[in-house]
Structures are given as C-alpha cells and as structure tokens.
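Just start_7.cif here, mmCIF, C-alpha atoms and all ligand atoms:
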data_data
loop_
_atom_site.label_atom_id
_atom_site.label_comp_id
_atom_site.auth_asym_id
_atom_site.auth_seq_id
_atom_site.Cartn_x
_atom_site.Cartn_y
_atom_site.Cartn_z
CA MET T 1 -63.45 115.79 0.94
CA PRO T 2 -61.44 113.91 -1.65
CA GLN T 3 -59.11 112.08 0.71
CA SER T 4 -59.40 108.33 0.33
CA SER T 5 -60.57 107.64 3.90
CA PRO T 6 -61.44 109.61 7.06
CA GLU T 7 -58.23 108.32 8.61
CA SER T 8 -56.13 110.00 5.94
CA SER T 9 -56.29 113.24 7.93
CA TYR T 10 -53.88 111.64 10.42
CA GLU T 11 -52.41 108.66 8.56
CA PHE T 12 -49.12 109.68 6.98
CA THR T 13 -45.90 108.21 5.66
CA ARG T 14 -43.62 111.25 5.51
CA ALA T 15 -42.59 114.27 7.52
CA ILE T 16 -40.30 117.24 6.99
CA THR T 17 -38.45 118.87 9.90
CA ARG T 18 -35.68 121.44 10.10
CA LEU T 19 -32.89 121.58 12.66
CA PRO T 20 -33.15 124.60 14.96
CA ALA T 21 -30.80 127.45 14.10
CA ARG T 22 -28.57 128.98 16.79
CA SER T 23 -30.28 132.25 15.85
CA ILE T 24 -33.44 130.87 17.47
CA VAL T 25 -32.62 133.18 20.41
CA ASP T 26 -33.82 135.97 18.08
CA GLY T 27 -37.09 134.18 17.34
CA LEU T 28 -40.49 135.84 17.58
CA ARG T 29 -42.39 135.54 20.85
CA ALA T 30 -45.48 137.11 22.38
CA GLU T 31 -43.87 137.43 25.79
CA ASP T 32 -40.19 137.30 26.71
CA ILE T 33 -39.72 134.57 29.30
CA GLY T 34 -36.05 134.04 28.44
CA ASP T 35 -34.07 132.64 25.55
CA PRO T 36 -34.21 128.96 24.69
CA ASP T 37 -31.31 126.71 25.68
CA TYR T 38 -29.94 125.55 22.31
CA ALA T 39 -28.47 122.26 23.55
CA GLN T 40 -31.76 121.29 25.21
CA MET T 41 -33.65 122.30 22.10
CA LEU T 42 -31.46 120.03 19.96
CA ARG T 43 -32.12 117.11 22.34
CA ASP T 44 -35.86 117.75 22.23
CA HIS T 45 -35.75 118.01 18.47
CA ALA T 46 -33.96 114.67 18.18
CA ASP T 47 -36.62 113.09 20.44
CA TYR T 48 -39.33 114.62 18.29
CA VAL T 49 -37.87 113.25 15.05
CA ALA T 50 -37.39 109.83 16.66
CA SER T 51 -41.01 109.77 17.79
CA LEU T 52 -42.23 110.50 14.26
CA GLN T 53 -39.99 107.72 12.97
CA GLN T 54 -41.37 105.41 15.65
CA ALA T 55 -44.84 106.28 14.38
CA GLY T 56 -43.86 105.22 10.86
CA ALA T 57 -42.57 108.42 9.29
CA THR T 58 -39.80 108.71 6.76
CA VAL T 59 -38.41 112.03 7.96
CA THR T 60 -36.64 114.52 5.69
CA GLU T 61 -34.56 116.52 8.14
CA LEU T 62 -33.42 119.83 6.67
CA GLY T 63 -30.38 121.78 7.79
CA ALA T 64 -30.58 124.82 10.03
CA LEU T 65 -31.25 128.19 8.38
CA GLU T 66 -29.38 130.75 10.46
CA ALA T 67 -30.85 133.70 8.54
CA PHE T 68 -34.32 132.71 9.76
CA PRO T 69 -34.57 132.37 13.55
CA ASP T 70 -38.05 130.79 13.48
CA SER T 71 -37.33 128.39 10.61
CA VAL T 72 -37.49 125.29 12.86
CA PHE T 73 -41.27 125.86 12.80
CA VAL T 74 -41.65 124.45 9.29
CA GLU T 75 -45.39 123.90 9.56
CA ASP T 76 -46.06 127.57 8.95
CA VAL T 77 -44.64 127.67 5.43
CA ALA T 78 -46.74 125.01 3.69
CA LEU T 79 -49.95 123.01 3.74
CA CYS T 80 -49.38 119.40 2.67
CA LEU T 81 -52.47 117.60 1.39
CA PRO T 82 -52.36 114.15 -0.21
CA GLU T 83 -52.80 115.62 -3.70
CA VAL T 84 -50.89 118.89 -3.53
CA ALA T 85 -48.51 120.96 -1.43
CA ILE T 86 -49.37 124.62 -1.07
CA LEU T 87 -46.70 127.14 -0.14
CA MET T 88 -47.98 129.67 2.36
CA ARG T 89 -47.40 133.42 2.61
CA PRO T 90 -46.42 134.07 6.25
CA GLY T 91 -47.87 137.12 7.94
CA ALA T 92 -44.69 137.56 9.96
CA GLU T 93 -42.31 139.60 7.79
CA SER T 94 -39.20 137.97 9.27
CA ARG T 95 -40.50 134.57 8.17
CA ALA T 96 -41.46 135.35 4.56
CA GLY T 97 -38.10 134.20 3.16
CA GLU T 98 -38.44 130.72 4.68
CA VAL T 99 -40.88 129.76 1.93
CA GLU T 100 -38.32 129.79 -0.90
CA HIS T 101 -36.17 127.35 1.09
CA MET T 102 -39.07 124.90 1.45
CA ALA T 103 -40.27 125.16 -2.16
CA PRO T 104 -37.58 122.93 -3.78
CA VAL T 105 -37.93 120.34 -1.01
CA LEU T 106 -41.64 119.99 -1.69
CA ARG T 107 -41.15 120.02 -5.47
CA ASP T 108 -38.92 116.96 -5.05
CA LEU T 109 -41.61 115.14 -3.07
CA TYR T 110 -44.83 116.27 -4.78
CA GLU T 111 -46.00 116.30 -8.40
CA GLN T 112 -48.10 119.37 -7.71
CA VAL T 113 -46.88 122.36 -5.71
CA VAL T 114 -48.71 125.69 -5.83
CA ALA T 115 -48.23 128.92 -3.92
CA ILE T 116 -50.33 131.56 -2.21
CA ASP T 117 -49.43 134.65 -4.25
CA GLY T 118 -51.02 137.31 -2.08
CA PRO T 119 -51.88 140.04 -1.39
CA GLY T 120 -53.25 138.10 1.61
CA PHE T 121 -51.28 136.26 4.27
CA ILE T 122 -51.66 132.79 5.70
CA GLU T 123 -49.54 130.53 7.93
CA GLY T 124 -49.85 126.77 8.28
CA GLY T 125 -50.22 126.99 12.05
CA ASP T 126 -53.68 128.45 11.48
CA ILE T 127 -54.84 125.44 9.43
CA LEU T 128 -56.42 122.27 10.83
CA THR T 129 -57.27 119.59 8.25
CA THR T 130 -59.93 117.19 9.50
CA SER T 131 -61.63 114.27 7.80
CA ARG T 132 -64.41 116.50 6.53
CA GLU T 133 -63.00 119.99 5.98
CA ILE T 134 -60.10 122.40 6.25
CA LEU T 135 -60.53 124.83 9.14
CA VAL T 136 -58.53 128.06 8.94
CA GLY T 137 -58.38 130.53 11.81
CA ARG T 138 -58.10 134.22 11.05
CA SER T 139 -55.31 135.55 13.25
CA ALA T 140 -52.62 138.21 13.49
CA ARG T 141 -50.69 136.12 10.89
CA THR T 142 -53.53 134.94 8.64
CA ASP T 143 -56.07 137.24 7.03
CA SER T 144 -59.30 136.73 5.11
CA ALA T 145 -57.63 137.41 1.75
CA GLY T 146 -55.07 134.66 2.37
CA ILE T 147 -57.81 132.30 3.48
CA ALA T 148 -59.89 133.10 0.38
CA GLU T 149 -56.93 132.38 -1.89
CA LEU T 150 -56.34 129.03 -0.19
CA ALA T 151 -60.06 128.19 -0.46
CA ALA T 152 -59.95 128.84 -4.21
CA ILE T 153 -56.88 126.62 -4.60
CA VAL T 154 -58.12 123.62 -2.60
CA LYS T 155 -61.53 123.73 -4.33
CA HIS T 156 -59.79 122.19 -7.35
CA TRP T 157 -59.41 119.02 -5.28
CA ASP T 158 -62.94 119.28 -3.81
CA TYR T 159 -61.85 120.34 -0.34
CA HIS T 160 -64.29 122.38 1.67
CA LEU T 161 -62.60 125.17 3.62
CA ARG T 162 -64.22 126.98 6.54
CA GLU T 163 -62.91 130.29 7.90
CA VAL T 164 -62.97 130.45 11.68
CA VAL T 165 -61.32 132.69 14.26
CA THR T 166 -58.16 132.22 16.27
CA PRO T 167 -58.87 133.78 19.71
CA PRO T 168 -57.21 137.17 20.29
CA GLY T 169 -53.78 136.83 21.89
CA VAL T 170 -53.36 133.23 20.63
CA LEU T 171 -50.60 132.92 18.02
CA HIS T 172 -52.16 130.32 15.73
CA PHE T 173 -55.43 128.36 15.50
CA LYS T 174 -53.53 125.13 16.22
CA THR T 175 -51.88 126.67 19.27
CA ASP T 176 -55.24 125.79 20.82
CA CYS T 177 -56.33 122.57 19.09
CA SER T 178 -55.28 119.30 17.46
CA LEU T 179 -56.92 116.54 15.50
CA LEU T 180 -57.16 113.34 17.58
CA ASP T 181 -59.02 111.18 15.07
CA ALA T 182 -61.55 111.51 12.26
CA GLU T 183 -64.25 112.81 14.62
CA THR T 184 -62.38 114.12 17.65
CA ILE T 185 -60.54 117.35 18.43
CA LEU T 186 -58.39 118.23 21.44
CA ALA T 187 -59.04 121.90 22.20
CA THR T 188 -58.84 124.56 24.86
CA ARG T 189 -62.14 125.67 26.33
CA ARG T 190 -61.55 129.23 25.02
CA LEU T 191 -61.29 128.01 21.42
CA ASP T 192 -64.16 125.53 21.70
CA ALA T 193 -66.30 128.35 23.12
CA THR T 194 -66.12 130.10 19.74
CA GLY T 195 -68.35 127.31 18.36
CA CYS T 196 -65.97 126.31 15.61
CA PHE T 197 -66.08 122.58 16.45
CA GLU T 198 -69.83 122.05 16.32
CA GLY T 199 -70.50 118.50 15.13
CA TYR T 200 -67.15 117.16 16.36
CA ARG T 201 -66.42 115.34 19.60
CA VAL T 202 -64.17 117.64 21.64
CA ILE T 203 -61.85 116.71 24.49
CA HIS T 204 -60.82 119.79 26.47
CA THR T 205 -57.38 120.44 27.84
CA ALA T 206 -57.43 120.64 31.64
CA ASP T 207 -57.64 124.13 33.13
CA GLY T 208 -54.13 125.55 33.35
CA GLU T 209 -52.86 123.04 30.76
CA GLU T 210 -53.91 124.95 27.63
CA ALA T 211 -50.47 124.49 26.07
CA ALA T 212 -51.19 120.75 25.77
CA ALA T 213 -53.65 121.54 22.96
CA ASN T 214 -50.84 121.73 20.43
CA SER T 215 -50.25 118.01 19.98
CA ILE T 216 -50.12 115.89 16.84
CA ARG T 217 -51.71 112.61 15.84
CA TYR T 218 -49.35 110.71 13.51
CA ASN T 219 -50.74 107.27 12.63
CA ASP T 220 -51.34 105.45 15.92
CA LEU T 221 -49.27 107.82 18.03
CA LEU T 222 -50.35 111.03 19.73
CA VAL T 223 -47.28 113.19 20.32
CA MET T 224 -47.86 115.76 23.05
CA PRO T 225 -45.72 118.19 25.05
CA ALA T 226 -44.56 116.89 28.43
CA GLY T 227 -45.82 118.37 31.69
CA PHE T 228 -49.59 118.28 31.32
CA PRO T 229 -50.62 115.28 33.47
CA GLN T 230 -54.36 115.92 33.70
CA THR T 231 -54.77 116.34 29.95
CA GLN T 232 -52.55 113.33 29.35
CA GLU T 233 -54.77 111.27 31.65
CA ARG T 234 -57.87 112.38 29.71
CA LEU T 235 -56.25 111.28 26.47
CA LEU T 236 -55.12 107.94 27.89
CA GLN T 237 -58.63 107.34 29.28
CA ALA T 238 -60.02 108.07 25.82
CA GLY T 239 -57.79 105.29 24.45
CA TYR T 240 -55.04 107.21 22.68
CA GLU T 241 -51.42 106.04 22.64
CA VAL T 242 -49.55 109.05 23.98
CA HIS T 243 -45.87 109.92 23.69
CA GLU T 244 -44.51 112.99 25.50
CA ILE T 245 -41.73 115.28 24.27
CA ASN T 246 -40.10 118.01 26.35
CA ASN T 247 -41.18 121.33 24.81
CA SER T 248 -39.82 123.80 27.37
CA GLU T 249 -37.49 125.53 24.88
CA CYS T 250 -39.80 125.80 21.86
CA ALA T 251 -42.53 127.02 24.20
CA LYS T 252 -40.41 130.12 24.89
CA LEU T 253 -40.96 130.95 21.20
CA ASP T 254 -44.67 130.03 21.27
CA GLY T 255 -43.88 126.83 19.34
CA GLY T 256 -45.19 123.34 19.87
CA MET T 257 -45.59 119.86 18.46
CA SER T 258 -47.42 120.74 15.26
CA CYS T 259 -45.12 123.67 14.41
CA LEU T 260 -42.07 121.41 14.17
CA SER T 261 -43.08 119.32 11.15
CA LEU T 262 -44.96 119.03 7.91
CA ARG T 263 -46.78 115.69 7.81
CA PHE T 264 -48.18 113.99 4.71
N1 LIG T 301 -41.91 131.95 17.18
C1 LIG T 301 -42.81 131.36 16.29
C2 LIG T 301 -43.48 132.37 15.46
O1 LIG T 301 -43.79 133.40 16.01
O2 LIG T 301 -43.69 132.23 14.30
#
Show this structure as structure tokens.
Amino acid sequence: MPQSSPESSYEFTRAITRLPARSIVDGLRAEDIGDPDYAQMLRDHADYVASLQQAGATVTELGALEAFPDSVFVEDVALCLPEVAILMRPGAESRAGEVEHMAPVLRDLYEQVVAIDGPGFIEGGDILTTSREILVGRSARTDSAGIAELAAIVKHWDYHLREVVTPPGVLHFKTDCSLLDAETILATRRLDATGCFEGYRVIHTADGEEAAANSIRYNDLLVMPAGFPQTQERLLQAGYEVHEINNSECAKLDGGMSCLSLRF
C-alpha cells in the first residue's frame, strides 16, 4: 500500500458532508419502519459534523439536494484516497445523478479525480480501506465489473484490492464493519463468518447490536451510533475514545456513521 503510514487509513484532515434534503422521506430503504423526522435528522447531522470537527476535520458541508432523497449519504458516490479521488457509479438508479454534484467539489480539493465509467456498478459503502488493502464487498449495489474497474484504477497507486462478499440482505459491506485501527476491525459475527478478515484482529458487535458495526474512526475519535451499550463497552475496554451520535432517523433509511461523510 502506498499510504505513508499504517495510521493513514484513519488519520484525516478533511471531510465532506451534505445536509439532508426534506425529500429524505422518499429515500431508499430495505424495510419501511416509518419516515425519518426531519428536524431530528438535522440535529443529529449537526452533532455528527461537530464530532468530526472535534476530531480535527475541516468539514466542507454541502447544501441539500432535494432531487436526490438519499444524497445525505455522500460516502456512496466517491472513494477518497490520499492520492486520488474516484467517483463511483451507484448501483441504485435513483442515486446515479448524485455523482455529478460531487465531482466539482472533489476537483476543487484534489489534483487527481477519476471516475468509474461502467458498465459495472460500485458504491462507496461497499469499500473498506485498511492499512494494507482495499476490501470491496460485492452486493446488490456493487458488482464484479465495478470492482474490477476500481482495482485497475487503484493499481496505478500500488493499492491492492480484494473482492469480498457483502452478506445477502445487508445493504453495504460497511453496514457490517468499520476500521478501528491499522490492525483491528469492528464487525458483525455474520460478516466475520465469511472469512474476509483473516489476519486482522476483529472485535464483534454484541448480539442484537449489529447496527453498531457502522462506526467511523477519525483520528483519535471513534464515532458510533448511540444505543448499543454492550458494543460500546467492548470498544471502551479495548481503549478506544468513543463518541455517540443519535442515528435513529438515518437508520430508517439504512444509513449510518460512515454513509454521512467522505473522509480524507
Ligand atoms: N437509503 C440509503 C441507500 O439505500 O442508498
């Protein structure tokens, strides 16, 4: 891996977020458990941005895109590596147009921006960058052709990419895992059981707390969704500095901590 140090997979200076659109009530979801409360979502989003800033991020906060209900989940439209930003090709048709809104933002911040041209599909939520490799989970949104195109692109910067599998019924690979440090992954048992984390130290989410797996490490801070006390205790015992954010509203759209930002 070309990154300057193992820590560079979670040491960042910048983040990009986007304000939730009121149209978020039309957002994609696997199961309808009710529409999100927009006012609560705005409060949670403000807490989320503040926590990234507390962790050292300069945050570029983009305006809401009403035409794209899921556009608050900016992670899915790009992969931000230290050397290059890569625009994704979302597998969800209603999200394809989000990419052209992110492209100029990244071109302002990066010298090199390239795009997945297709015919394959790939979403950022299926990509976990660790200190040694880029793991990409094949899912309902990300196919082998999209993964192969990304592998060919990142090879130019000496990244090794490994195709793995997002469990059936799970939206994205990172719905079920997060990077905790250079050697350690937080993961659900169902994802770890696929064998994709061999060689890493894995901390499991507690049974019944699978939704805690979508957390983010940003410098010294681990930002996790509130309401998962047993998993939080495991992380505290392991020595991580944990900050909780209410995620009740984004969770109704299958969204979580990683989905809400691009970090680089
Ligand atoms: N609601 C998030 C997504 O399905 O992309």
(request) Could you please extract the residues within 7 Å of ligand LIG 301 (chain T), counting only C-alpha atoms and all ligand atoms, and hand them back as a ChimeraX atom specification? (result) /T:27-29,70,73,92,253-255
Save out the residues we just selected, C-alpha atoms, as an mmCIF file, in the frame of the given file.
data_model
loop_
_atom_site.group_PDB
_atom_site.id
_atom_site.type_symbol
_atom_site.label_atom_id
_atom_site.label_comp_id
_atom_site.auth_asym_id
_atom_site.auth_seq_id
_atom_site.Cartn_x
_atom_site.Cartn_y
_atom_site.Cartn_z
ATOM 1 C CA GLY T 27 -37.090 134.180 17.340
ATOM 2 C CA LEU T 28 -40.490 135.840 17.580
ATOM 3 C CA ARG T 29 -42.390 135.540 20.850
ATOM 4 C CA ASP T 70 -38.050 130.790 13.480
ATOM 5 C CA PHE T 73 -41.270 125.860 12.800
ATOM 6 C CA ALA T 92 -44.690 137.560 9.960
ATOM 7 C CA LEU T 253 -40.960 130.950 21.200
ATOM 8 C CA ASP T 254 -44.670 130.030 21.270
ATOM 9 C CA GLY T 255 -43.880 126.830 19.340
#
Find the residues with any atom within 8 Å of (-40.3, 121.3, 19.6); use only C-alpha atoms and the coordinates as given in the file, and write the answer as a PDB file with C-alpha atoms, in the coordinates of the input.
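Result went into out10.pdb, see below:
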ATOM      1  CA  MET T  41     -33.650 122.300  22.100  1.00  0.00           C
ATOM      2  CA  ASP T  44     -35.860 117.750  22.230  1.00  0.00           C
ATOM      3  CA  HIS T  45     -35.750 118.010  18.470  1.00  0.00           C
ATOM      4  CA  TYR T  48     -39.330 114.620  18.290  1.00  0.00           C
ATOM      5  CA  ILE T 245     -41.730 115.280  24.270  1.00  0.00           C
ATOM      6  CA  ASN T 246     -40.100 118.010  26.350  1.00  0.00           C
ATOM      7  CA  ASN T 247     -41.180 121.330  24.810  1.00  0.00           C
ATOM      8  CA  GLU T 249     -37.490 125.530  24.880  1.00  0.00           C
ATOM      9  CA  CYS T 250     -39.800 125.800  21.860  1.00  0.00           C
ATOM     10  CA  ALA T 251     -42.530 127.020  24.200  1.00  0.00           C
ATOM     11  CA  GLY T 255     -43.880 126.830  19.340  1.00  0.00           C
ATOM     12  CA  GLY T 256     -45.190 123.340  19.870  1.00  0.00           C
ATOM     13  CA  MET T 257     -45.590 119.860  18.460  1.00  0.00           C
ATOM     14  CA  CYS T 259     -45.120 123.670  14.410  1.00  0.00           C
ATOM     15  CA  LEU T 260     -42.070 121.410  14.170  1.00  0.00           C
TER      16      LEU T 260
END
(request) Quick one: everything within 10 Å of segment 148-162 of chain T, counting all atoms listed in the file, minus sequence neighbours fewer than 5 positions away in the same chain. Send it as a ChimeraX atom specification. (result) /T:1-3,79,81-84,86-88,114-122,127-129,132-137,143,196
(request) Fewer than 3 positions away in the same chain doesn't count, so skip those; otherwise give me all residues within 8 Å of Leu222 of chain T, counting all atoms listed in the file, as a PyMOL selection string. (result) chain T and resi 180+215-218+240-243
(message) With distances taken over only C-alpha atoms, which residue among T:Gly199, T:Ala78, T:Met224, T:Gln230 lies nearest Glu244 of chain T?
(response)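 Checking each of T:Gly199, T:Ala78, T:Met224, T:Gln230 against Glu244 of chain T, counting only C-alpha atoms, the winner is T:Met224.
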(request) For Thr205 of chain T, please output as a list in words all residues within 6 Å (counting all atoms listed in the file; exclusion window: fewer than 3 positions along the same chain). (result)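 My list of contacting residues is Thr188, Glu209, Glu210 and Thr231 of chain T.
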Prev. selection, C-alpha atoms, output as a PDB file, keeping the file's coordinate frame:
ATOM      1  CA  THR T 188     -58.840 124.560  24.860  1.00  0.00           C
ATOM      2  CA  GLU T 209     -52.860 123.040  30.760  1.00  0.00           C
ATOM      3  CA  GLU T 210     -53.910 124.950  27.630  1.00  0.00           C
ATOM      4  CA  THR T 231     -54.770 116.340  29.950  1.00  0.00           C
TER       5      THR T 231
END
Produce the centre coordinates and the three edge lengths, each in Å to one decimal, of the box along x, y and z that contains all listed atoms of segment 65-69 of chain T with 4 Å added on each side, as JSON.
{"center_x": -32.0, "center_y": 130.9, "center_z": 11.0, "size_x": 13.2, "size_y": 13.5, "size_z": 13.2}
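Residues lying at most 12 Å from (-38.3, 106.3, 9.1) in file coordinates, with only C-alpha atoms considered, are Phe12, Thr13, Arg14, Ala15, Ile16, Val49, Ala50, Ser51, Leu52, Gln53, Gln54, Ala55, Gly56, Ala57, Thr58, Val59, Thr60 and Glu61 of chain T.
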(message) Could you list, as number ranges by chain, every residue within 12 Å of Arg22 of chain T, counting all atoms listed in the file and ignoring same-chain residues fewer than 2 positions away?
(response) T: 19-20, 24-27, 35-42, 63-72
(request) Provide the atom CA of Val113 of chain T to atom CA of Ala96 of chain T distance in Å, to one decimal place. (result) 17.4 Å
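Atom CA of Ala226 of chain T sits 9.9 Å away from atom CA of Ala211 of chain T.
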(message) Under the rule that only C-alpha atoms are counted, which of T:Gly34, T:Gly239, T:Pro104, T:Gly125 is the nearest residue to His172 of chain T?
(response)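 The shortest atom-to-atom distance to His172 of chain T comes from T:Gly125.
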